[in-house]
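J.: Before anything else, here's the structure in question.
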Amino acid sequence: MGKMTSLQDTEQVHAAFRALHDRSAVQEPAWLSDLRRSALGSFAARGLPTIHDEDWRYTSVEPIRSADFGVPNGEAGSVKSADLDERSFTDGTDNRIVFINGVYSADHSSVLDKRDKVRVESIKTAIKSPQSSHLIVEPHLSHYARYQEQPFVALNTAFAQDGALVVIPSNAVIEKPIYLLFLSSGETRPIASYPRNLVVFESGSQARVVESFFGIGEQSYFVNVVTEIVGAEDALIDYYRVQREQDTGYHIGTVEAHLGRNCNFTAHSVTVSGALVRNDLHVALDGEGAECTLNGLYLLDRKQHVDNQTVIEHFKERTASHELYKGIIAGGAHAVFNGKILVHKDAQKTDARQTNKNLLLSENAVVNTKPQLEIHADDVKCSHGSTIGQLDKDALFYLRSRGLDLSDAQSLLSYAFASELVGRMKIEGLKSRLDDFLLTKFRRS
């Protein structure tokens, strides 16, 4: 375990970077070392965001700022396969690559069928190969996630040591889902991990990729992850992001998706727990006919805080986007949704729709929602809206008149509200396990 580091102490951050760089510089290409130093300079200049920054107005990162985190030294620790299966909504038969505290675990990863020709490996391993580094990683890594503007992306770029590289070859159709599993376990003291993922869909390819983040143990931890997704012409991308962090877990995640001509991208985001979770999703529709669908579900209770920020940019003609995010907030939890659709002047014939719906189950639950449209083209069809409400009294009365008690009626209506989004998933095993989780959660509530 590396020396404990406070992210608000610039000298400690630089010292931790030097210690990390001294170990890895001899194995890294020059372009990556230069990228790291540039990102560190950007982070040092900006520092962590505060509530005075508009995009962070309702989310304070003070718990992360004031804590001291160590960096894992490469040891995976004692983790059982059962922990992976139960917490990640997967099972041992799935194709998966596993990272424990940000470190690749070969023992828990399963090898994909070589006949699929898909490439799934540790990005650290790929960087060590001159050919892979030059032809795949360098052309894409950090070309979409903007560390100059986003402090946590800068921090990740400077400190990331490993992550997943997924490459789907041209015209390949991969039937089995590909799981990228990230387990955090502080064990003896708080740790921070910085996974960096790169997912490349070449022209005409099709696949389903699932990122799952989860924690075990009582110790606090911090996960700062960046995923860049590149979709070439006619690619069909079905992407899932599932979060089940501990109540002692802090999670800052950034996803950047760049879509080419006629690329179709569907993203399913599900957050079911975590002390403080922030999800930034930016989709660039940069090819004529590109289309994206964003489905989001967040379930909060106790003192949990989840902030979903989405930006969809339409750059070219005849692009389309459809977005539906739903939240169920109970206890003293706080949810934030900020969704922006930006239509550039050359994006004529754009069709964009955005909806955010929130269900409050307690008097102390809070939600801040802000859907936005910014349109610079004149031939478009765009709409947005949000709702905040409680369980429908007429529906409750109807169910109770049919013999259900109040608790069962509330659970059934909450489940129905959430299950619409789970029902949109195309991976039957994942959908079934999430559905069972929802049923159990609302029965207990």
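By convention here, the chains of the structure tokens are called A, B, ... in the order presented, each chain's residues are numbered starting at 1, and ligands are numbered starting at 1 in the order presented.
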List every residue of region 63-275 of chain A that DSSP, applied to the backbone of this structure, assigns to strand (DSSP E), and report them as a CSV table (one decimal) with C-alpha atoms, in the first residue's frame.

T.:
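Dumped everything to selection-v1.csv:
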```
chain,number,residue,atom,x,y,z
A,68,ASP,CA,-6.5,10.5,3.3
A,69,PHE,CA,-6.3,7.6,0.8
A,95,ASN,CA,-16.9,-13.7,-19.8
A,96,ARG,CA,-15.2,-11.3,-17.5
A,97,ILE,CA,-12.1,-9.4,-16.7
A,98,VAL,CA,-11.7,-8.5,-13.0
A,99,PHE,CA,-9.9,-5.7,-11.2
A,100,ILE,CA,-9.5,-5.6,-7.4
A,103,VAL,CA,-5.4,-4.0,-10.1
A,104,TYR,CA,-6.0,-6.7,-12.7
A,105,SER,CA,-6.7,-10.1,-11.2
A,119,ARG,CA,-9.8,-8.4,-27.6
A,120,VAL,CA,-10.2,-8.0,-23.9
A,121,GLU,CA,-7.2,-7.4,-21.7
A,122,SER,CA,-5.5,-5.3,-19.1
A,164,ALA,CA,-9.7,-2.7,-19.3
A,165,LEU,CA,-9.0,-2.5,-23.0
A,166,VAL,CA,-11.8,-3.9,-25.2
A,167,VAL,CA,-11.6,-4.0,-29.0
A,168,ILE,CA,-14.4,-5.4,-31.1
A,178,ILE,CA,-18.4,-8.9,-21.8
A,179,TYR,CA,-18.2,-8.0,-18.1
A,180,LEU,CA,-15.7,-5.6,-16.7
A,181,LEU,CA,-15.8,-6.0,-12.9
A,182,PHE,CA,-14.3,-3.6,-10.4
A,183,LEU,CA,-14.2,-4.6,-6.8
A,184,SER,CA,-13.1,-2.2,-4.0
A,191,ILE,CA,-7.6,3.3,-0.5
A,192,ALA,CA,-8.1,5.1,-3.8
A,193,SER,CA,-8.1,3.4,-7.2
A,196,ARG,CA,-8.9,3.7,-16.9
A,197,ASN,CA,-10.9,1.9,-19.6
A,198,LEU,CA,-10.9,2.1,-23.4
A,199,VAL,CA,-13.6,0.4,-25.4
A,200,VAL,CA,-13.3,0.5,-29.2
A,201,PHE,CA,-16.0,-0.7,-31.6
A,206,GLN,CA,-21.8,-5.4,-32.4
A,207,ALA,CA,-21.4,-6.3,-28.7
A,208,ARG,CA,-22.7,-5.8,-25.2
A,209,VAL,CA,-20.3,-4.5,-22.5
A,210,VAL,CA,-21.1,-4.3,-18.8
A,211,GLU,CA,-19.1,-2.3,-16.3
A,212,SER,CA,-19.9,-3.3,-12.7
A,213,PHE,CA,-18.6,-1.4,-9.7
A,214,PHE,CA,-19.1,-2.7,-6.1
A,215,GLY,CA,-17.4,-2.9,-2.7
A,221,TYR,CA,-12.6,3.8,-0.3
A,222,PHE,CA,-12.6,6.1,-3.3
A,223,VAL,CA,-13.0,5.0,-6.9
A,224,ASN,CA,-12.2,7.5,-9.7
A,225,VAL,CA,-12.8,5.8,-13.0
A,226,VAL,CA,-12.8,7.1,-16.6
A,227,THR,CA,-14.1,5.1,-19.6
A,228,GLU,CA,-13.7,6.2,-23.2
A,229,ILE,CA,-16.0,4.5,-25.8
A,230,VAL,CA,-15.3,4.9,-29.5
A,231,GLY,CA,-18.0,3.8,-32.0
A,236,LEU,CA,-24.0,-1.2,-32.6
A,237,ILE,CA,-23.1,-0.7,-28.9
A,238,ASP,CA,-25.1,-1.9,-26.0
A,239,TYR,CA,-23.4,-0.6,-22.8
A,240,TYR,CA,-24.3,-1.2,-19.2
A,241,ARG,CA,-23.0,0.5,-16.0
A,242,VAL,CA,-24.0,-0.9,-12.7
A,243,GLN,CA,-22.9,0.5,-9.3
A,244,ARG,CA,-23.4,-1.2,-6.0
A,249,GLY,CA,-17.6,4.1,-0.8
A,250,TYR,CA,-17.1,7.2,-2.8
A,251,HIS,CA,-17.4,6.9,-6.6
A,252,ILE,CA,-16.6,9.5,-9.3
A,253,GLY,CA,-17.2,8.1,-12.8
A,254,THR,CA,-16.8,9.7,-16.2
A,255,VAL,CA,-17.9,8.1,-19.4
A,256,GLU,CA,-17.1,9.7,-22.8
A,257,ALA,CA,-18.7,8.2,-25.9
A,258,HIS,CA,-17.7,9.3,-29.4
A,259,LEU,CA,-20.0,8.0,-32.2
A,264,ASN,CA,-26.1,3.3,-32.5
A,265,PHE,CA,-25.3,3.5,-28.8
A,266,THR,CA,-27.5,2.4,-25.9
A,267,ALA,CA,-26.4,3.1,-22.3
A,268,HIS,CA,-28.1,1.6,-19.2
A,269,SER,CA,-27.0,3.2,-16.0
A,270,VAL,CA,-28.1,1.7,-12.6
A,271,THR,CA,-27.0,3.0,-9.2
```

J.: Excluding Ala30 (chain A) and its own-chain neighbours fewer than 5 positions away, which residues fall within 12 Å of it when counting only C-alpha atoms? Please give them as a PyMOL selection string.

T.: chain A and resi 21+24-25+35-37+127-128+130+133-134+138

J.: Can you work out which one of A:Asp107, A:Asp301, A:Glu54, A:Asp91 has the shortest atom-to-atom distance to Ala365 (chain A), counting only C-alpha atoms?

T.: A:Asp301

J.: Write out as a PDB file with C-alpha atoms, in the first residue's frame which residues come within 10 Å of Thr355 (chain A) when counting only C-alpha atoms, dropping same-chain ones fewer than 5 positions away.

T.:
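File produced: out-v3.pdb:
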```
ATOM      1  CA  ASN A 295     -31.596   4.811 -19.739  1.00  0.00           C
ATOM      2  CA  HIS A 322     -33.624   9.552 -26.445  1.00  0.00           C
ATOM      3  CA  GLU A 323     -33.086   9.832 -22.704  1.00  0.00           C
ATOM      4  CA  LEU A 324     -35.090   8.577 -19.728  1.00  0.00           C
ATOM      5  CA  TYR A 325     -33.719   8.745 -16.187  1.00  0.00           C
ATOM      6  CA  LYS A 326     -35.760   7.690 -13.148  1.00  0.00           C
ATOM      7  CA  GLY A 339     -29.170  16.681 -18.275  1.00  0.00           C
ATOM      8  CA  PRO A 371     -33.036  19.300 -17.843  1.00  0.00           C
ATOM      9  CA  SER A 383     -38.235  18.239 -26.058  1.00  0.00           C
ATOM     10  CA  HIS A 384     -37.345  17.884 -22.388  1.00  0.00           C
ATOM     11  CA  GLY A 385     -39.120  17.671 -19.057  1.00  0.00           C
ATOM     12  CA  SER A 386     -38.921  16.506 -15.458  1.00  0.00           C
ATOM     13  CA  THR A 387     -41.338  15.444 -12.727  1.00  0.00           C
TER      14      THR A 387
END
```

J.: Can you tell me, as number ranges by chain, what residues are no more than 6 Å from Gly274 (chain A) when counting only C-alpha atoms, ignoring any on the same chain fewer than 3 positions away?

T.: A: 245-247, 249

J.: Using the selection just defined, write its residues with N, CA and C atoms as a PDB file, in the first residue's frame.

T.:
```pdb
ATOM      1  N   GLU A 245     -21.903   0.296  -4.731  1.00  0.00           N
ATOM      2  CA  GLU A 245     -20.840   0.620  -3.792  1.00  0.00           C
ATOM      3  C   GLU A 245     -21.337   0.482  -2.349  1.00  0.00           C
ATOM      4  N   GLN A 246     -20.396   0.321  -1.433  1.00  0.00           N
ATOM      5  CA  GLN A 246     -20.727   0.278  -0.019  1.00  0.00           C
ATOM      6  C   GLN A 246     -21.160   1.669   0.470  1.00  0.00           C
ATOM      7  N   ASP A 247     -21.768   1.710   1.644  1.00  0.00           N
ATOM      8  CA  ASP A 247     -22.123   3.001   2.241  1.00  0.00           C
ATOM      9  C   ASP A 247     -20.889   3.756   2.702  1.00  0.00           C
ATOM     10  N   GLY A 249     -18.330   3.900   0.492  1.00  0.00           N
ATOM     11  CA  GLY A 249     -17.641   4.059  -0.778  1.00  0.00           C
ATOM     12  C   GLY A 249     -17.979   5.356  -1.485  1.00  0.00           C
TER      13      GLY A 249
END
```
